[in-house]
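Chemist: This is the structure I have questions about; it appears just below.
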Amino acid sequence: MNRLTQVVQLLATLLAIRSAQAQLPCGWETTDIITTPACGPFESSPTVGNISPNGELVVGTYSCFGGDERGFIYWPATDQFVTMPMPPGITSLWAFDVNDAGKVSGTMDGVGIGQRGYIYDLNSGQYVTQIPSPVSGGQSAITGINAVGWACGYRTIKEPANAIINAAFVLTPEGSIIDLGIMNGP
């Protein structure tokens with residue numbers, strides 16, 4: 001076999017491999033469309049926060065025209081949608097994460113109450129943890145929760161003139177806060 005024949009065979013093999021690879025399916029598929037309740041005469045706008053690791057629960061937030069955000073829980077297997085209950089005085093509630101045990105994390109806000117992070121237990125139907133900011137008018141959010149109940153988030157620790165300083169924290173399953181401090185920028 002001469003050198004030219006070997007090169008042609010190698011190119012033909014490479015092209016065949018490349019052609020076969022190009023035929024692999026690529027893309028995504030919509031399996032569920034989450035329909036949120038209407039807000040008066042307006043449609044609501046949902047945003048999915050996260051899906052539990054086992055895929056059984058979806059949490060997120062839907063917004064009505066002019067505010068009034070509401071957290072939701074969705075069960076894809078049964079197509080069940082539930083708006084999370086609002087504690088007294090709370091006017092907006094966002095759901096960010098959910099674990100397989102049915103613990104939902106997020107943040108809520110209310111006039112005169114301020115923004116505070118929370119953990120909601122689907123099994124008990126109770127807000128089992130609320131973390132307010134140590135600063136009046138500050139913010140707090142629990143942005144993630146793992147399978148054994150460790151959570152993470154941020155909270156305002158001080159407000160000097162024209163600046164809000166947030167610090168990251170980890171929340172133990174027992175409710176203790178481990179302050180990670182201020183993360184320096186780029």
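Numbering starts fresh at 1 for the residues of each chain in the structure tokens, the chains themselves are lettered A, B, ... in the order given, and ligands are numbered from 1 as they appear.
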Quick one: residues within 8 Å of Ser45 (chain A), only C-alpha atoms counted, chain neighbours fewer than 6 positions away excluded, as a PyMOL selection string?
Modeler: chain A and resi 36+62-64
Chemist: Residues at most 6 Å from Arg70 (chain A), counting only C-alpha atoms, excluding those fewer than 6 positions away in the same chain, as a list in words?
Modeler: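 Answer for this query is Thr61, Tyr62, Ser92 and Leu93 of chain A.
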Chemist: Near Gly117 (chain A), within 8 Å and counting only C-alpha atoms, which residues show up once chain neighbours fewer than 6 positions away are dropped, as a list in words?
Modeler: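 These residues fall inside the cut-off: Ser105, Gly106, Thr107, Met108, Thr129, Gln130, Ile131, Pro132, Ser140, Ala141, Ile142 and Gly153 of chain A.
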Chemist: Those residues you just picked out, can you put them in a file as a PDB file, in the first residue's frame with all heavy atoms?
Modeler:
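File produced: part_33.pdb:
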ATOM      1  N   SER A 105     -35.598  26.623  50.837  1.00  0.00           N
ATOM      2  CA  SER A 105     -34.902  27.817  51.337  1.00  0.00           C
ATOM      3  C   SER A 105     -35.186  28.993  50.424  1.00  0.00           C
ATOM      4  O   SER A 105     -35.455  28.826  49.236  1.00  0.00           O
ATOM      5  CB  SER A 105     -33.392  27.574  51.433  1.00  0.00           C
ATOM      6  OG  SER A 105     -32.813  27.441  50.152  1.00  0.00           O
ATOM      7  N   GLY A 106     -35.123  30.195  51.009  1.00  0.00           N
ATOM      8  CA  GLY A 106     -35.373  31.398  50.232  1.00  0.00           C
ATOM      9  C   GLY A 106     -35.289  32.638  51.082  1.00  0.00           C
ATOM     10  O   GLY A 106     -34.586  32.676  52.093  1.00  0.00           O
ATOM     11  N   THR A 107     -36.029  33.658  50.670  1.00  0.00           N
ATOM     12  CA  THR A 107     -36.076  34.906  51.416  1.00  0.00           C
ATOM     13  C   THR A 107     -37.494  35.461  51.343  1.00  0.00           C
ATOM     14  O   THR A 107     -38.231  35.175  50.407  1.00  0.00           O
ATOM     15  CB  THR A 107     -35.043  35.928  50.892  1.00  0.00           C
ATOM     16  OG1 THR A 107     -34.966  37.030  51.779  1.00  0.00           O
ATOM     17  CG2 THR A 107     -35.371  36.419  49.498  1.00  0.00           C
ATOM     18  N   MET A 108     -37.860  36.216  52.364  1.00  0.00           N
ATOM     19  CA  MET A 108     -39.181  36.838  52.422  1.00  0.00           C
ATOM     20  C   MET A 108     -39.020  38.278  52.872  1.00  0.00           C
ATOM     21  O   MET A 108     -38.012  38.635  53.472  1.00  0.00           O
ATOM     22  CB  MET A 108     -40.104  36.068  53.371  1.00  0.00           C
ATOM     23  CG  MET A 108     -39.614  35.993  54.798  1.00  0.00           C
ATOM     24  SD  MET A 108     -40.751  35.183  55.927  1.00  0.00           S
ATOM     25  CE  MET A 108     -40.404  33.472  55.668  1.00  0.00           C
ATOM     26  N   THR A 129     -37.075  27.941  60.216  1.00  0.00           N
ATOM     27  CA  THR A 129     -35.945  28.844  60.452  1.00  0.00           C
ATOM     28  C   THR A 129     -36.226  30.168  59.766  1.00  0.00           C
ATOM     29  O   THR A 129     -36.687  30.194  58.631  1.00  0.00           O
ATOM     30  CB  THR A 129     -34.630  28.267  59.875  1.00  0.00           C
ATOM     31  OG1 THR A 129     -34.392  26.992  60.462  1.00  0.00           O
ATOM     32  CG2 THR A 129     -33.450  29.173  60.127  1.00  0.00           C
ATOM     33  N   GLN A 130     -35.943  31.260  60.471  1.00  0.00           N
ATOM     34  CA  GLN A 130     -35.964  32.593  59.871  1.00  0.00           C
ATOM     35  C   GLN A 130     -34.716  33.318  60.353  1.00  0.00           C
ATOM     36  O   GLN A 130     -34.460  33.387  61.551  1.00  0.00           O
ATOM     37  CB  GLN A 130     -37.218  33.372  60.250  1.00  0.00           C
ATOM     38  CG  GLN A 130     -38.477  32.802  59.645  1.00  0.00           C
ATOM     39  CD  GLN A 130     -39.688  33.678  59.877  1.00  0.00           C
ATOM     40  OE1 GLN A 130     -39.591  34.900  59.920  1.00  0.00           O
ATOM     41  NE2 GLN A 130     -40.839  33.058  60.022  1.00  0.00           N
ATOM     42  N   ILE A 131     -33.941  33.831  59.417  1.00  0.00           N
ATOM     43  CA  ILE A 131     -32.692  34.530  59.736  1.00  0.00           C
ATOM     44  C   ILE A 131     -32.839  35.989  59.323  1.00  0.00           C
ATOM     45  O   ILE A 131     -32.747  36.320  58.141  1.00  0.00           O
ATOM     46  CB  ILE A 131     -31.476  33.918  58.989  1.00  0.00           C
ATOM     47  CG1 ILE A 131     -31.353  32.422  59.258  1.00  0.00           C
ATOM     48  CG2 ILE A 131     -30.200  34.666  59.332  1.00  0.00           C
ATOM     49  CD1 ILE A 131     -30.952  32.068  60.661  1.00  0.00           C
ATOM     50  N   PRO A 132     -33.062  36.893  60.275  1.00  0.00           N
ATOM     51  CA  PRO A 132     -33.107  38.311  59.919  1.00  0.00           C
ATOM     52  C   PRO A 132     -31.687  38.868  59.793  1.00  0.00           C
ATOM     53  O   PRO A 132     -30.723  38.260  60.256  1.00  0.00           O
ATOM     54  CB  PRO A 132     -33.837  38.946  61.105  1.00  0.00           C
ATOM     55  CG  PRO A 132     -33.550  38.027  62.246  1.00  0.00           C
ATOM     56  CD  PRO A 132     -33.380  36.650  61.672  1.00  0.00           C
ATOM     57  N   SER A 140     -31.349  39.504  54.205  1.00  0.00           N
ATOM     58  CA  SER A 140     -30.872  38.163  54.526  1.00  0.00           C
ATOM     59  C   SER A 140     -31.554  37.191  53.581  1.00  0.00           C
ATOM     60  O   SER A 140     -32.727  37.358  53.257  1.00  0.00           O
ATOM     61  CB  SER A 140     -31.202  37.817  55.979  1.00  0.00           C
ATOM     62  OG  SER A 140     -30.857  36.482  56.258  1.00  0.00           O
ATOM     63  N   ALA A 141     -30.833  36.179  53.125  1.00  0.00           N
ATOM     64  CA  ALA A 141     -31.409  35.150  52.253  1.00  0.00           C
ATOM     65  C   ALA A 141     -30.687  33.840  52.501  1.00  0.00           C
ATOM     66  O   ALA A 141     -29.473  33.830  52.740  1.00  0.00           O
ATOM     67  CB  ALA A 141     -31.280  35.540  50.788  1.00  0.00           C
ATOM     68  N   ILE A 142     -31.435  32.745  52.463  1.00  0.00           N
ATOM     69  CA  ILE A 142     -30.848  31.409  52.480  1.00  0.00           C
ATOM     70  C   ILE A 142     -30.987  30.893  51.054  1.00  0.00           C
ATOM     71  O   ILE A 142     -32.088  30.623  50.585  1.00  0.00           O
ATOM     72  CB  ILE A 142     -31.534  30.492  53.512  1.00  0.00           C
ATOM     73  CG1 ILE A 142     -31.385  31.098  54.918  1.00  0.00           C
ATOM     74  CG2 ILE A 142     -30.930  29.092  53.449  1.00  0.00           C
ATOM     75  CD1 ILE A 142     -32.093  30.340  56.011  1.00  0.00           C
ATOM     76  N   GLY A 153     -26.079  31.169  52.681  1.00  0.00           N
ATOM     77  CA  GLY A 153     -26.757  32.387  52.271  1.00  0.00           C
ATOM     78  C   GLY A 153     -25.910  33.608  52.542  1.00  0.00           C
ATOM     79  O   GLY A 153     -24.686  33.523  52.663  1.00  0.00           O
TER      80      GLY A 153
END
Chemist: Of the residues A:Leu57, A:Tyr118, A:Ala147, A:Ser136, which is the one nearest to Thr78 (chain A), using only C-alpha atoms?
Modeler: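 Nearest to Thr78 (chain A): A:Leu57.
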Chemist: Determine, counting only C-alpha atoms, which protein, DNA and RNA residues have an atom within 7 Å of an atom of Gly114 (chain A); residues of the same chain fewer than 5 positions away are not included. Present the result as a ChimeraX atom specification.
Modeler: /A:109,137-138
Chemist: If you keep N, CA and C atoms, can you produce a file of those selected residues as an mmCIF file, in the first residue's frame?
Modeler:
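This is the output file result_32.cif:
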data_model
loop_
_atom_site.group_PDB
_atom_site.id
_atom_site.type_symbol
_atom_site.label_atom_id
_atom_site.label_comp_id
_atom_site.auth_asym_id
_atom_site.auth_seq_id
_atom_site.Cartn_x
_atom_site.Cartn_y
_atom_site.Cartn_z
ATOM 1 N N ASP A 109 -40.022 39.094 52.570
ATOM 2 C CA ASP A 109 -39.930 40.514 52.888
ATOM 3 C C ASP A 109 -41.303 41.028 53.296
ATOM 4 N N GLY A 137 -33.164 47.210 58.536
ATOM 5 C CA GLY A 137 -33.334 47.517 57.117
ATOM 6 C C GLY A 137 -32.434 46.708 56.210
ATOM 7 N N GLY A 138 -31.626 45.799 56.776
ATOM 8 C CA GLY A 138 -30.718 44.981 55.972
ATOM 9 C C GLY A 138 -31.429 43.816 55.314
#
Chemist: Mind checking which residues fall within 10 Å of Ile178 (chain A), counting only C-alpha atoms, ignoring those fewer than 3 positions away in the same chain, and posting them as a PyMOL selection string?
Modeler: chain A and resi 152+168-172+175+181
Chemist: Grab the residues selected above and save them as a PDB file, in the first residue's frame with C-alpha atoms.
Modeler:
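As written to disk, selection30.pdb reads:
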ATOM      1  CA  CYS A 152     -25.867  28.798  52.954  1.00  0.00           C
ATOM      2  CA  ALA A 168     -21.774  35.017  53.468  1.00  0.00           C
ATOM      3  CA  PHE A 169     -22.774  32.438  56.051  1.00  0.00           C
ATOM      4  CA  VAL A 170     -23.337  28.726  56.487  1.00  0.00           C
ATOM      5  CA  LEU A 171     -26.241  27.547  58.632  1.00  0.00           C
ATOM      6  CA  THR A 172     -25.835  24.233  60.455  1.00  0.00           C
ATOM      7  CA  GLY A 175     -29.470  26.439  63.484  1.00  0.00           C
ATOM      8  CA  GLY A 181     -17.149  37.125  56.467  1.00  0.00           C
TER       9      GLY A 181
END
